[in-house]
Every structure is written in structure tokens, then in C-alpha cells.
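Some notes on the structure that comes next.
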Amino acid sequence: DTGVSQNPRHKITKRGQNVTFRCDPISEHNRLYWYRQTLGQGPEFLTYFQNEAQLEKSRLLSDRFSAERPKGSFSTLEIQRTEQGDSAMYLCASSLVTATGELFFGEGSRLTVL
Amino acid sequence: AQRVTQPEKLLSVFKGAPVELKCNYSYSGSPELFWYVQYSRQRLQLLLRHISRESIKGFTADLNKGETSFHLKKPFAQEEDSAMYYCALFSGGYQKVTFGTGTKLQVIP
């Protein structure tokens with residue numbers, strides 16, 4: 001297992017387009033988190049799953065953002081009608097429910113909205 | 001709501017000098033605190049957690065509930081310590097990890 005993987009690593013899109021990011025967690029990890037990071041800021045929590053259930057979603061997350069983890073394995077994060085303010089690094093992390101707080105991060109997917 | 005504050009965006013020290021990266025938190029429950037590190041061109045990774053009370057790469061951190069602090073310390077900085085350091089809080093009630101804004105540690109040779 002090579003750890004958490006994310007793709008694409010980089011995405012450039014035009015404002016108004018939809019984008020989707022994929023995250024493959026460490027196989028035995030039942031928790032999966034999505035974070036967003038902008039320049040000069042720490043990772044900002046977006047949402048998390050325990051197995052296939054989405055248990056919490058940030059109030060800062062607009063309705064244009066949706067995440068799924070259909071079979072409790074990989075997850076997707078979709079942003080509809082992208083805006084320039086969505087430009088950021090999107091980080092995925094996974095953990096065991098018995099080791100809460102110990103997150104294993106992917107390398108991130110960088111989104112640039114023109 | 002929980003919050004993590006790292007007051008310094010940049011900390012520059014000379015090699016061999018002591019290092020202290022500051023972290024303060026606010027949380028009404030019983031917190032679990034962590035330090036994460038991101039070296040250049042690498043992914044964010046866990047450095048240490050307060051409940052293990054261990055020293056990793058010479059770094060230690062003590063949870064001070066009275067001062068709501070979890071400062072990261074190392075007695076003698078090495079060039080390879082140069083990186084971004086993030087303090088993080090796991091809140092059992094919300095079941096999520098909240099990160100500070102990070103401190104860039106620059107060790108000058």
C-alpha cells in the first residue's frame with residue numbers, strides 16, 4: 001500500500017465548469033476526511049466519512065460542493081459551477097476510527113479556476 | 001467551537017539554537033493535541049501527539065491545560081528541521097481535526 005492517493009494532482013478549469021477529485025485512502029482505514037488549504041492557511045475541514053456514511057459537513061461548505069464515498073473505499077469531491085474563490089489545494093486524509101486525530105494525508109489536488 | 005492559534009508565521013533560528021513553536025487552543029472538552037509537519041515537496045505528516053508523550057526527531061510537546069497551550073520544542077535545531085509545522089486539535093465531540101495556520105521554521109546554517 002502506497003498510502004493515500006489523490007488525482008488529479010493538478011486541475012485548471014474555467015469558471016462555471018464542474019470538477020471532480022478522487023481520493024483512495026489507505027485500505028484498512030475507515031475514516032476519510034476532505035480538507036481545503038489556501039496559501040498561508042492551515043488545512044480547513046470540509047467533511048468526513050466513516051465507512052460510507054458522511055457524518056459531518058462544514059457549515060462553510062456551499063451547496064456547490066458534494067462528496068461521496070459509495071462503498072466505504074474511495075471518495076470523490078465534486079465542485080459544481082466553480083468560482084475563482086474555489087482555487088485551492090484539496091487534501092484528502094484517512095485514519096482508523098481507533099486512532100482518531102492521526103491522519104494520513106495524500107499529496108493533494110491543486111485546483112486553479114480561471 | 002474549537003480553535004487552534006499559532007501566532008508566528010515564520011520562525012528563523014540558527015543551527016544548534018533552541019526552538020519553540022507556539023500553539024494555543026480553545027476547546028471546552030478534553031482535547032487531543034497533535035503536531036503535523038510538512039517538509040518541502042512532501043505531504044503533510046504526523047510528527048507527534050500529546051498522549052504518547054514521546055520525543056520524535058528530538059522534538060517534544062507538553063500539553064498545558066491551564067494555559068491551553070501545546071508548544072513544540074527542540075533543544076538544538078538542525079537544518080533538516082526546516083519545514084512547515086501545524087498544530088492540530090482533535091475534538092471528540094465533533095470528531096474532526098482542526099488545524100492552526102502553521103509556522104514556517106527556517107533553520108539557518
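Just so we're on the same page: first chain in the C-alpha cells is A, next is B, and so on; residues restart at 1 for each chain, and ligands are numbered from 1 in the order they show up.
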
**Request:** Do me a favour and pick out the residues of chain B within 6 Å of chain A, using only C-alpha atoms, as a PyMOL selection string.
**Result:** chain B and resi 43-44+90+97+99-102

**Request:** Just list the residues in chain B DSSP gives strand (DSSP E) on the backbone, as a VMD selection string.
**Result:** chain B and resid 3 to 5 10 to 14 19 to 21 24 to 26 32 to 38 45 to 49 60 to 61 72 to 74 83 to 91 96 to 99 103 to 108

**Message:** So the first atom is atom CA of B:Glu67 and the second is atom CA of B:Val107; what is the distance between them in Å, to one decimal place?
**Reply:** 27.5 Å

**Asked** If you count only C-alpha atoms, which residues fall within 9 Å of stretch 18-30 of chain B, apart from same-chain ones fewer than 4 positions away, as a PyMOL selection string?
**Response** chain B and resi 1-8+11+13-14+67-77+85-89+91-93+100+103+105

**Item:** Best match for closeness to A:Asp24 among A:Leu114, A:Leu77, A:Ala53, A:Ala99, counting only C-alpha atoms
**Value:**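 Answer, going by the shortest atom-to-atom distance: A:Leu77.
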
**Asked** Do you know which residues are at most 10 Å from B:Gln106 counting only C-alpha atoms, after dropping those on the same chain fewer than 6 positions away, and could you put them as a PyMOL selection string?
**Response** chain B and resi 10-15+77-84

Take the selection from the previous step and output its residues with all heavy atoms, as a CSV table (one decimal), in the first residue's frame.
```
chain,number,residue,atom,x,y,z
B,10,LEU,N,6.4,32.8,10.8
B,10,LEU,CA,7.8,32.4,10.4
B,10,LEU,C,8.7,32.5,11.7
B,10,LEU,O,8.6,33.4,12.4
B,10,LEU,CB,8.3,33.3,9.3
B,10,LEU,CG,9.8,33.2,9.0
B,10,LEU,CD1,10.1,31.8,8.3
B,10,LEU,CD2,10.3,34.3,8.1
B,11,LEU,N,9.5,31.4,11.9
B,11,LEU,CA,10.4,31.4,12.9
B,11,LEU,C,11.8,31.1,12.4
B,11,LEU,O,11.9,30.0,11.8
B,11,LEU,CB,10.0,30.4,14.0
B,11,LEU,CG,10.9,30.4,15.2
B,11,LEU,CD1,10.9,31.7,16.0
B,11,LEU,CD2,10.5,29.2,16.2
B,12,SER,N,12.7,32.0,12.5
B,12,SER,CA,14.1,31.7,12.0
B,12,SER,C,15.0,31.5,13.2
B,12,SER,O,15.1,32.4,14.0
B,12,SER,CB,14.6,32.9,11.1
B,12,SER,OG,13.7,33.0,10.0
B,13,VAL,N,15.8,30.5,13.1
B,13,VAL,CA,16.8,30.2,14.2
B,13,VAL,C,18.0,29.7,13.6
B,13,VAL,O,18.0,29.2,12.5
B,13,VAL,CB,16.2,29.2,15.2
B,13,VAL,CG1,15.0,29.6,15.9
B,13,VAL,CG2,16.1,27.8,14.6
B,14,PHE,N,19.1,29.9,14.3
B,14,PHE,CA,20.4,29.3,13.8
B,14,PHE,C,20.5,27.9,14.2
B,14,PHE,O,20.0,27.4,15.2
B,14,PHE,CB,21.6,30.1,14.3
B,14,PHE,CG,21.7,31.5,13.7
B,14,PHE,CD1,21.3,32.6,14.3
B,14,PHE,CD2,22.3,31.6,12.5
B,14,PHE,CE1,21.4,33.9,13.8
B,14,PHE,CE2,22.5,32.9,11.9
B,14,PHE,CZ,22.0,34.0,12.5
B,15,LYS,N,21.2,27.1,13.4
B,15,LYS,CA,21.5,25.7,13.6
B,15,LYS,C,22.1,25.6,15.0
B,15,LYS,O,23.0,26.4,15.4
B,15,LYS,CB,22.5,25.2,12.6
B,15,LYS,CG,22.9,23.8,12.8
B,15,LYS,CD,23.9,23.3,11.7
B,15,LYS,CE,24.4,22.0,12.0
B,15,LYS,NZ,25.4,21.5,10.9
B,77,ALA,N,18.4,23.0,17.1
B,77,ALA,CA,17.8,22.9,15.8
B,77,ALA,C,18.8,22.4,14.8
B,77,ALA,O,20.0,22.7,14.8
B,77,ALA,CB,17.3,24.3,15.4
B,78,GLN,N,18.3,21.6,13.8
B,78,GLN,CA,19.1,21.1,12.7
B,78,GLN,C,18.5,21.6,11.4
B,78,GLN,O,17.4,21.9,11.3
B,78,GLN,CB,19.0,19.5,12.7
B,78,GLN,CG,19.5,18.9,14.0
B,78,GLN,CD,21.0,19.2,14.3
B,78,GLN,OE1,21.8,19.1,13.4
B,78,GLN,NE2,21.3,19.6,15.5
B,79,GLU,N,19.4,21.7,10.4
B,79,GLU,CA,18.9,22.2,9.1
B,79,GLU,C,17.7,21.4,8.6
B,79,GLU,O,16.8,22.0,8.0
B,79,GLU,CB,20.1,22.2,8.1
B,79,GLU,CG,21.1,23.3,8.4
B,79,GLU,CD,22.3,23.2,7.4
B,79,GLU,OE1,22.0,23.5,6.2
B,79,GLU,OE2,23.4,22.9,7.8
B,80,GLU,N,17.8,20.1,8.8
B,80,GLU,CA,16.7,19.3,8.3
B,80,GLU,C,15.3,19.5,9.0
B,80,GLU,O,14.3,18.9,8.6
B,80,GLU,CB,17.1,17.8,8.3
B,80,GLU,CG,17.5,17.3,9.7
B,80,GLU,CD,19.0,17.3,9.9
B,80,GLU,OE1,19.6,18.2,9.3
B,80,GLU,OE2,19.5,16.5,10.7
B,81,ASP,N,15.3,20.3,10.0
B,81,ASP,CA,14.1,20.6,10.7
B,81,ASP,C,13.3,21.7,10.0
B,81,ASP,O,12.1,22.0,10.3
B,81,ASP,CB,14.3,21.1,12.1
B,81,ASP,CG,15.0,20.0,13.0
B,81,ASP,OD1,14.7,18.8,12.7
B,81,ASP,OD2,15.8,20.4,13.9
B,82,SER,N,13.9,22.4,9.0
B,82,SER,CA,13.2,23.4,8.2
B,82,SER,C,12.0,22.8,7.5
B,82,SER,O,12.1,21.9,6.8
B,82,SER,CB,14.2,24.0,7.2
B,82,SER,OG,15.2,24.7,7.8
B,83,ALA,N,10.9,23.4,7.9
B,83,ALA,CA,9.6,22.9,7.3
B,83,ALA,C,8.5,23.7,7.8
B,83,ALA,O,8.7,24.7,8.6
B,83,ALA,CB,9.4,21.4,7.8
B,84,MET,N,7.2,23.4,7.4
B,84,MET,CA,6.0,24.0,7.9
B,84,MET,C,5.5,23.1,9.1
B,84,MET,O,5.4,21.9,8.9
B,84,MET,CB,4.9,24.1,6.9
B,84,MET,CG,5.1,25.3,5.9
B,84,MET,SD,4.9,26.9,6.7
B,84,MET,CE,3.2,26.8,7.3
```

**Item:** Shell around A:Ser27 at 12 Å using only C-alpha atoms, local window under 2 positions removed, as number ranges by chain
**Value:** A: 1-5, 23-25, 29-32, 51, 72-74, 94-96, 104

**Backbone DSSP call of helix (DSSP H, G or I) for chain A, listed as a count of residues only** = 6

**Prompt:** Mind pulling up the distance from atom CA of A:Arg9 to atom CA of A:Ile79?
**Reply:** 15.5 Å

**Request:** State, in Å with one decimal place, the distance from atom CA of A:Thr98 to atom CA of B:Lys96.
**Result:** 13.3 Å

**Prompt:** Of the candidates A:Cys92, A:Leu60, A:Val19, A:Ile26, which shows the shortest atom-to-atom distance to A:Gln6, using only C-alpha atoms?
**Reply:**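 So, comparing all the options, the nearest one is A:Cys92.
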